[in-house]
>>> print(open('target.cif').read())   # mmCIF, N, CA and C atoms
data_work
loop_
_atom_site.group_PDB
_atom_site.id
_atom_site.type_symbol
_atom_site.label_atom_id
_atom_site.label_comp_id
_atom_site.auth_asym_id
_atom_site.auth_seq_id
_atom_site.Cartn_x
_atom_site.Cartn_y
_atom_site.Cartn_z
ATOM 1 N N MET A 1 5.898 1.942 18.218
ATOM 2 C CA MET A 1 5.835 1.625 16.802
ATOM 3 C C MET A 1 4.415 1.161 16.473
ATOM 4 N N SER A 2 4.113 1.134 15.213
ATOM 5 C CA SER A 2 2.753 0.857 14.770
ATOM 6 C C SER A 2 2.701 -0.376 13.871
ATOM 7 N N ASP A 3 1.510 -0.929 13.762
ATOM 8 C CA ASP A 3 1.285 -1.997 12.789
ATOM 9 C C ASP A 3 0.706 -1.328 11.553
ATOM 10 N N TRP A 4 1.452 -1.328 10.494
ATOM 11 C CA TRP A 4 1.111 -0.598 9.270
ATOM 12 C C TRP A 4 0.232 -1.410 8.328
ATOM 13 N N ARG A 5 -0.053 -2.651 8.649
ATOM 14 C CA ARG A 5 -0.726 -3.540 7.708
ATOM 15 C C ARG A 5 -2.100 -3.026 7.257
ATOM 16 N N HIS A 6 -2.847 -2.432 8.156
ATOM 17 C CA HIS A 6 -4.166 -1.928 7.787
ATOM 18 C C HIS A 6 -4.041 -0.771 6.795
ATOM 19 N N ALA A 7 -3.163 0.166 7.080
ATOM 20 C CA ALA A 7 -2.965 1.316 6.186
ATOM 21 C C ALA A 7 -2.487 0.859 4.813
ATOM 22 N N ILE A 8 -1.605 -0.113 4.797
ATOM 23 C CA ILE A 8 -1.098 -0.640 3.520
ATOM 24 C C ILE A 8 -2.208 -1.374 2.771
ATOM 25 N N GLY A 9 -2.960 -2.201 3.496
ATOM 26 C CA GLY A 9 -4.050 -2.951 2.879
ATOM 27 C C GLY A 9 -5.058 -2.049 2.193
ATOM 28 N N GLN A 10 -5.356 -0.905 2.806
ATOM 29 C CA GLN A 10 -6.283 0.046 2.187
ATOM 30 C C GLN A 10 -5.755 0.540 0.850
ATOM 31 N N ARG A 11 -4.455 0.717 0.752
ATOM 32 C CA ARG A 11 -3.868 1.233 -0.483
ATOM 33 C C ARG A 11 -3.757 0.162 -1.567
ATOM 34 N N LEU A 12 -3.807 -1.105 -1.154
ATOM 35 C CA LEU A 12 -3.716 -2.198 -2.123
ATOM 36 C C LEU A 12 -5.083 -2.657 -2.625
ATOM 37 N N GLU A 13 -6.153 -2.216 -1.950
ATOM 38 C CA GLU A 13 -7.495 -2.618 -2.365
ATOM 39 C C GLU A 13 -7.721 -2.239 -3.824
ATOM 40 N N GLY A 14 -8.323 -3.106 -4.549
ATOM 41 C CA GLY A 14 -8.648 -2.820 -5.935
ATOM 42 C C GLY A 14 -7.543 -3.142 -6.924
ATOM 43 N N LEU A 15 -6.350 -3.444 -6.432
ATOM 44 C CA LEU A 15 -5.256 -3.772 -7.353
ATOM 45 C C LEU A 15 -5.338 -5.217 -7.820
ATOM 46 N N ARG A 16 -6.100 -6.014 -7.101
ATOM 47 C CA ARG A 16 -6.308 -7.417 -7.463
ATOM 48 C C ARG A 16 -5.004 -8.191 -7.624
ATOM 49 N N LEU A 17 -4.135 -8.005 -6.659
ATOM 50 C CA LEU A 17 -2.880 -8.759 -6.658
ATOM 51 C C LEU A 17 -3.161 -10.180 -6.200
ATOM 52 N N PRO A 18 -2.395 -11.138 -6.698
ATOM 53 C CA PRO A 18 -2.523 -12.497 -6.152
ATOM 54 C C PRO A 18 -2.230 -12.454 -4.648
ATOM 55 N N PRO A 19 -2.929 -13.256 -3.858
ATOM 56 C CA PRO A 19 -2.760 -13.203 -2.399
ATOM 57 C C PRO A 19 -1.310 -13.314 -1.934
ATOM 58 N N THR A 20 -0.546 -14.176 -2.568
ATOM 59 C CA THR A 20 0.855 -14.336 -2.174
ATOM 60 C C THR A 20 1.635 -13.056 -2.422
ATOM 61 N N ARG A 21 1.429 -12.444 -3.585
ATOM 62 C CA ARG A 21 2.123 -11.199 -3.918
ATOM 63 C C ARG A 21 1.694 -10.072 -2.996
ATOM 64 N N GLU A 22 0.392 -10.005 -2.696
ATOM 65 C CA GLU A 22 -0.089 -8.968 -1.782
ATOM 66 C C GLU A 22 0.564 -9.106 -0.408
ATOM 67 N N ALA A 23 0.671 -10.326 0.084
ATOM 68 C CA ALA A 23 1.321 -10.556 1.382
ATOM 69 C C ALA A 23 2.782 -10.120 1.349
ATOM 70 N N GLU A 24 3.466 -10.389 0.231
ATOM 71 C CA GLU A 24 4.858 -9.962 0.090
ATOM 72 C C GLU A 24 4.975 -8.440 0.118
ATOM 73 N N VAL A 25 4.077 -7.768 -0.599
ATOM 74 C CA VAL A 25 4.099 -6.305 -0.657
ATOM 75 C C VAL A 25 3.802 -5.723 0.723
ATOM 76 N N VAL A 26 2.812 -6.276 1.418
ATOM 77 C CA VAL A 26 2.480 -5.794 2.759
ATOM 78 C C VAL A 26 3.689 -5.949 3.682
ATOM 79 N N GLU A 27 4.342 -7.089 3.616
ATOM 80 C CA GLU A 27 5.511 -7.325 4.473
ATOM 81 C C GLU A 27 6.641 -6.348 4.156
ATOM 82 N N GLU A 28 6.927 -6.173 2.877
ATOM 83 C CA GLU A 28 8.015 -5.282 2.476
ATOM 84 C C GLU A 28 7.718 -3.834 2.846
ATOM 85 N N LEU A 29 6.504 -3.388 2.582
ATOM 86 C CA LEU A 29 6.144 -2.018 2.935
ATOM 87 C C LEU A 29 6.128 -1.817 4.448
ATOM 88 N N SER A 30 5.655 -2.816 5.192
ATOM 89 C CA SER A 30 5.649 -2.714 6.657
ATOM 90 C C SER A 30 7.059 -2.523 7.183
ATOM 91 N N GLN A 31 7.999 -3.278 6.645
ATOM 92 C CA GLN A 31 9.394 -3.146 7.072
ATOM 93 C C GLN A 31 9.939 -1.758 6.731
ATOM 94 N N HIS A 32 9.632 -1.291 5.524
ATOM 95 C CA HIS A 32 10.080 0.044 5.116
ATOM 96 C C HIS A 32 9.515 1.117 6.050
ATOM 97 N N LEU A 33 8.215 1.017 6.362
ATOM 98 C CA LEU A 33 7.587 2.012 7.228
ATOM 99 C C LEU A 33 8.129 1.935 8.654
ATOM 100 N N ASP A 34 8.388 0.732 9.156
ATOM 101 C CA ASP A 34 9.007 0.577 10.471
ATOM 102 C C ASP A 34 10.367 1.264 10.513
ATOM 103 N N ASP A 35 11.168 1.026 9.483
ATOM 104 C CA ASP A 35 12.501 1.636 9.418
ATOM 105 C C ASP A 35 12.411 3.158 9.392
ATOM 106 N N ARG A 36 11.512 3.668 8.567
ATOM 107 C CA ARG A 36 11.360 5.119 8.454
ATOM 108 C C ARG A 36 10.863 5.719 9.758
ATOM 109 N N TYR A 37 9.939 5.056 10.419
ATOM 110 C CA TYR A 37 9.424 5.509 11.704
ATOM 111 C C TYR A 37 10.564 5.601 12.730
ATOM 112 N N ARG A 38 11.384 4.560 12.780
ATOM 113 C CA ARG A 38 12.523 4.557 13.710
ATOM 114 C C ARG A 38 13.502 5.694 13.401
ATOM 115 N N GLU A 39 13.745 5.952 12.124
ATOM 116 C CA GLU A 39 14.626 7.058 11.734
ATOM 117 C C GLU A 39 14.087 8.394 12.241
ATOM 118 N N LEU A 40 12.804 8.605 12.045
ATOM 119 C CA LEU A 40 12.191 9.861 12.475
ATOM 120 C C LEU A 40 12.232 10.013 13.991
ATOM 121 N N ARG A 41 11.945 8.931 14.707
ATOM 122 C CA ARG A 41 11.992 8.975 16.174
ATOM 123 C C ARG A 41 13.409 9.240 16.663
ATOM 124 N N ALA A 42 14.392 8.601 16.025
ATOM 125 C CA ALA A 42 15.794 8.812 16.417
ATOM 126 C C ALA A 42 16.227 10.252 16.154
ATOM 127 N N ALA A 43 15.610 10.887 15.183
ATOM 128 C CA ALA A 43 15.937 12.276 14.858
ATOM 129 C C ALA A 43 15.193 13.266 15.753
ATOM 130 N N GLY A 44 14.361 12.742 16.666
ATOM 131 C CA GLY A 44 13.699 13.602 17.639
ATOM 132 C C GLY A 44 12.225 13.855 17.401
ATOM 133 N N ALA A 45 11.638 13.253 16.386
ATOM 134 C CA ALA A 45 10.206 13.443 16.126
ATOM 135 C C ALA A 45 9.393 12.753 17.219
ATOM 136 N N SER A 46 8.276 13.373 17.589
ATOM 137 C CA SER A 46 7.382 12.733 18.553
ATOM 138 C C SER A 46 6.743 11.506 17.899
ATOM 139 N N GLU A 47 6.133 10.675 18.737
ATOM 140 C CA GLU A 47 5.492 9.466 18.220
ATOM 141 C C GLU A 47 4.407 9.812 17.203
ATOM 142 N N SER A 48 3.560 10.782 17.539
ATOM 143 C CA SER A 48 2.464 11.139 16.628
ATOM 144 C C SER A 48 2.971 11.811 15.356
ATOM 145 N N THR A 49 4.007 12.639 15.477
ATOM 146 C CA THR A 49 4.576 13.287 14.296
ATOM 147 C C THR A 49 5.222 12.256 13.377
ATOM 148 N N ALA A 50 5.970 11.330 13.949
ATOM 149 C CA ALA A 50 6.630 10.289 13.151
ATOM 150 C C ALA A 50 5.590 9.445 12.430
ATOM 151 N N ARG A 51 4.540 9.075 13.136
ATOM 152 C CA ARG A 51 3.483 8.270 12.507
ATOM 153 C C ARG A 51 2.823 9.049 11.367
ATOM 154 N N SER A 52 2.485 10.296 11.606
ATOM 155 C CA SER A 52 1.852 11.119 10.576
ATOM 156 C C SER A 52 2.744 11.271 9.352
ATOM 157 N N GLU A 53 4.022 11.477 9.571
ATOM 158 C CA GLU A 53 4.950 11.641 8.453
ATOM 159 C C GLU A 53 5.104 10.355 7.649
ATOM 160 N N VAL A 54 5.144 9.234 8.344
ATOM 161 C CA VAL A 54 5.264 7.947 7.650
ATOM 162 C C VAL A 54 4.030 7.693 6.781
ATOM 163 N N ILE A 55 2.851 7.951 7.327
ATOM 164 C CA ILE A 55 1.620 7.766 6.551
ATOM 165 C C ILE A 55 1.589 8.729 5.370
ATOM 166 N N ALA A 56 2.029 9.962 5.568
ATOM 167 C CA ALA A 56 2.069 10.938 4.469
ATOM 168 C C ALA A 56 3.023 10.479 3.374
ATOM 169 N N GLU A 57 4.148 9.903 3.763
ATOM 170 C CA GLU A 57 5.097 9.384 2.778
ATOM 171 C C GLU A 57 4.494 8.214 2.005
ATOM 172 N N LEU A 58 3.750 7.367 2.699
ATOM 173 C CA LEU A 58 3.095 6.241 2.035
ATOM 174 C C LEU A 58 2.073 6.754 1.026
ATOM 175 N N ASP A 59 1.341 7.795 1.398
ATOM 176 C CA ASP A 59 0.333 8.360 0.505
ATOM 177 C C ASP A 59 0.955 9.123 -0.658
ATOM 178 N N GLY A 60 2.040 9.832 -0.401
ATOM 179 C CA GLY A 60 2.607 10.696 -1.422
ATOM 180 C C GLY A 60 3.669 10.049 -2.285
ATOM 181 N N ALA A 61 4.241 8.981 -1.817
ATOM 182 C CA ALA A 61 5.338 8.339 -2.546
ATOM 183 C C ALA A 61 4.808 7.310 -3.523
ATOM 184 N N ASP A 62 5.675 6.828 -4.346
ATOM 185 C CA ASP A 62 5.315 5.809 -5.336
ATOM 186 C C ASP A 62 5.672 4.410 -4.834
ATOM 187 N N LEU A 63 5.665 4.224 -3.511
ATOM 188 C CA LEU A 63 6.083 2.949 -2.939
ATOM 189 C C LEU A 63 5.230 1.787 -3.431
ATOM 190 N N VAL A 64 3.921 1.968 -3.419
ATOM 191 C CA VAL A 64 3.039 0.874 -3.834
ATOM 192 C C VAL A 64 3.296 0.536 -5.297
ATOM 193 N N ARG A 65 3.397 1.558 -6.131
ATOM 194 C CA ARG A 65 3.633 1.315 -7.567
ATOM 195 C C ARG A 65 4.990 0.657 -7.789
ATOM 196 N N GLU A 66 6.002 1.096 -7.056
ATOM 197 C CA GLU A 66 7.338 0.510 -7.211
ATOM 198 C C GLU A 66 7.336 -0.976 -6.880
ATOM 199 N N LEU A 67 6.618 -1.357 -5.835
ATOM 200 C CA LEU A 67 6.623 -2.752 -5.397
ATOM 201 C C LEU A 67 5.681 -3.645 -6.192
ATOM 202 N N THR A 68 4.608 -3.065 -6.709
ATOM 203 C CA THR A 68 3.622 -3.892 -7.404
ATOM 204 C C THR A 68 3.703 -3.772 -8.917
ATOM 205 N N GLY A 69 4.246 -2.675 -9.396
ATOM 206 C CA GLY A 69 4.246 -2.421 -10.830
ATOM 207 C C GLY A 69 2.884 -1.997 -11.329
ATOM 208 N N VAL A 70 1.969 -1.708 -10.396
ATOM 209 C CA VAL A 70 0.606 -1.318 -10.739
ATOM 210 C C VAL A 70 0.329 0.049 -10.145
ATOM 211 N N GLU A 71 -0.254 0.909 -10.927
ATOM 212 C CA GLU A 71 -0.649 2.238 -10.450
ATOM 213 C C GLU A 71 -1.854 2.081 -9.532
ATOM 214 N N ALA A 72 -1.767 2.610 -8.325
ATOM 215 C CA ALA A 72 -2.891 2.555 -7.398
ATOM 216 C C ALA A 72 -3.961 3.526 -7.889
ATOM 217 N N ARG A 73 -5.138 2.997 -8.187
ATOM 218 C CA ARG A 73 -6.228 3.834 -8.688
ATOM 219 C C ARG A 73 -7.545 3.146 -8.397
ATOM 220 N N ALA A 74 -8.591 3.919 -8.500
ATOM 221 C CA ALA A 74 -9.915 3.340 -8.310
ATOM 222 C C ALA A 74 -10.244 2.484 -9.531
ATOM 223 N N VAL A 75 -10.845 1.349 -9.289
ATOM 224 C CA VAL A 75 -11.226 0.463 -10.376
ATOM 225 C C VAL A 75 -12.733 0.549 -10.539
ATOM 226 N N GLU A 76 -13.171 0.940 -11.729
ATOM 227 C CA GLU A 76 -14.601 1.050 -11.987
ATOM 228 C C GLU A 76 -15.136 -0.303 -12.444
ATOM 229 N N PRO A 77 -16.324 -0.683 -11.957
ATOM 230 C CA PRO A 77 -16.900 -1.969 -12.385
ATOM 231 C C PRO A 77 -17.316 -1.902 -13.850
ATOM 232 N N LEU A 78 -17.208 -3.021 -14.522
ATOM 233 C CA LEU A 78 -17.638 -3.122 -15.915
ATOM 234 C C LEU A 78 -19.116 -3.477 -15.946
ATOM 235 N N SER A 79 -19.801 -2.980 -16.961
ATOM 236 C CA SER A 79 -21.212 -3.329 -17.095
ATOM 237 C C SER A 79 -21.343 -4.476 -18.093
ATOM 238 N N LEU A 80 -22.427 -5.232 -17.947
ATOM 239 C CA LEU A 80 -22.670 -6.326 -18.887
ATOM 240 C C LEU A 80 -22.789 -5.767 -20.291
ATOM 241 N N GLY A 81 -22.219 -6.473 -21.245
ATOM 242 C CA GLY A 81 -22.259 -6.034 -22.625
ATOM 243 C C GLY A 81 -21.125 -5.098 -22.991
ATOM 244 N N SER A 82 -20.241 -4.817 -22.040
ATOM 245 C CA SER A 82 -19.096 -3.964 -22.352
ATOM 246 C C SER A 82 -18.112 -4.766 -23.194
ATOM 247 N N PRO A 83 -17.223 -4.114 -23.907
ATOM 248 C CA PRO A 83 -16.288 -4.831 -24.787
ATOM 249 C C PRO A 83 -15.400 -5.842 -24.081
ATOM 250 N N THR A 84 -15.229 -5.697 -22.768
ATOM 251 C CA THR A 84 -14.351 -6.638 -22.067
ATOM 252 C C THR A 84 -15.105 -7.747 -21.367
ATOM 253 N N ALA A 85 -16.411 -7.774 -21.480
ATOM 254 C CA ALA A 85 -17.200 -8.875 -20.908
ATOM 255 C C ALA A 85 -17.404 -9.903 -22.024
ATOM 256 N N VAL A 86 -16.877 -11.117 -21.817
ATOM 257 C CA VAL A 86 -16.941 -12.143 -22.846
ATOM 258 C C VAL A 86 -17.608 -13.386 -22.282
ATOM 259 N N ALA A 87 -18.710 -13.793 -22.869
ATOM 260 C CA ALA A 87 -19.405 -15.056 -22.534
ATOM 261 C C ALA A 87 -19.546 -15.266 -21.051
ATOM 262 N N GLY A 88 -19.939 -14.212 -20.315
ATOM 263 C CA GLY A 88 -20.183 -14.348 -18.884
ATOM 264 C C GLY A 88 -18.932 -14.321 -18.035
ATOM 265 N N ALA A 89 -17.783 -14.120 -18.631
ATOM 266 C CA ALA A 89 -16.535 -14.049 -17.852
ATOM 267 C C ALA A 89 -15.913 -12.681 -18.031
ATOM 268 N N TRP A 90 -15.261 -12.220 -17.020
ATOM 269 C CA TRP A 90 -14.575 -10.924 -17.091
ATOM 270 C C TRP A 90 -13.134 -11.151 -17.479
ATOM 271 N N VAL A 91 -12.673 -10.375 -18.420
ATOM 272 C CA VAL A 91 -11.277 -10.479 -18.837
ATOM 273 C C VAL A 91 -10.586 -9.165 -18.679
#
>>> encode(input="target.cif", output="structure tokens")
Amino acid sequence: MSDWRHAIGQRLEGLRLPPTREAEVVEELSQHLDDRYRELRAAGASESTARSEVIAELDGADLVRELTGVEARAVEPLSLGSPTAVAGAWV
């Protein structure tokens, strides 16, 4: 079995979740991926095939969005003077 935390963390980057919520999402997704990995192995998939399929499901599924309520996307930095920059603070 694998530790999925790194793969999950990469997908959560940029979502700016509160640390507690991010830890909850990582834990929940890790459990889901562990379960799915075990299912695939029990069905006869090799270790590498099961791992690849689990990662593909994480990439292709809406798991992150379902758990966070946030669409995983790249976040572009704001420039100074943009409409959302107010008195030196970002909103």
>>> residues_near_point(input="target.cif", point="(5.5, -1.0, 9.6)", cutoff="6 Å", atoms="only C-alpha atoms", output="count of residues only")
6
>>> atom_distance(input="target.cif", atom1="atom CA of A:His32", atom2="atom CA of A:Thr49")
17.0 Å
>>> residues_near_point(input="target.cif", point="(2.3, 6.0, 7.1)", cutoff="12 Å", atoms="only C-alpha atoms", output="MDAnalysis selection string")
chainID A and resid 1:11 29:37 40 48:61 63
>>> atom_distance(input="target.cif", atom1="atom CA of A:Glu39", atom2="atom CA of A:Val26")
19.8 Å
>>> atom_distance(input="target.cif", atom1="atom N of A:Pro19", atom2="atom C of A:Glu66")
16.3 Å
>>> closest_residue(input="target.cif", among="A:Arg41, A:Leu15, A:Leu67, A:Ser46", to="A:Glu28", atoms="only C-alpha atoms")
A:Leu67
>>> axis_aligned_box(input="target.cif", around="stretch 11-19 of chain A", padding_each_side="3 Å", output="AutoDock Vina command-line options")
--center_x -5.0 --center_y -6.0 --center_z -3.5 --size_x 13.3 --size_y 20.5 --size_z 14.6
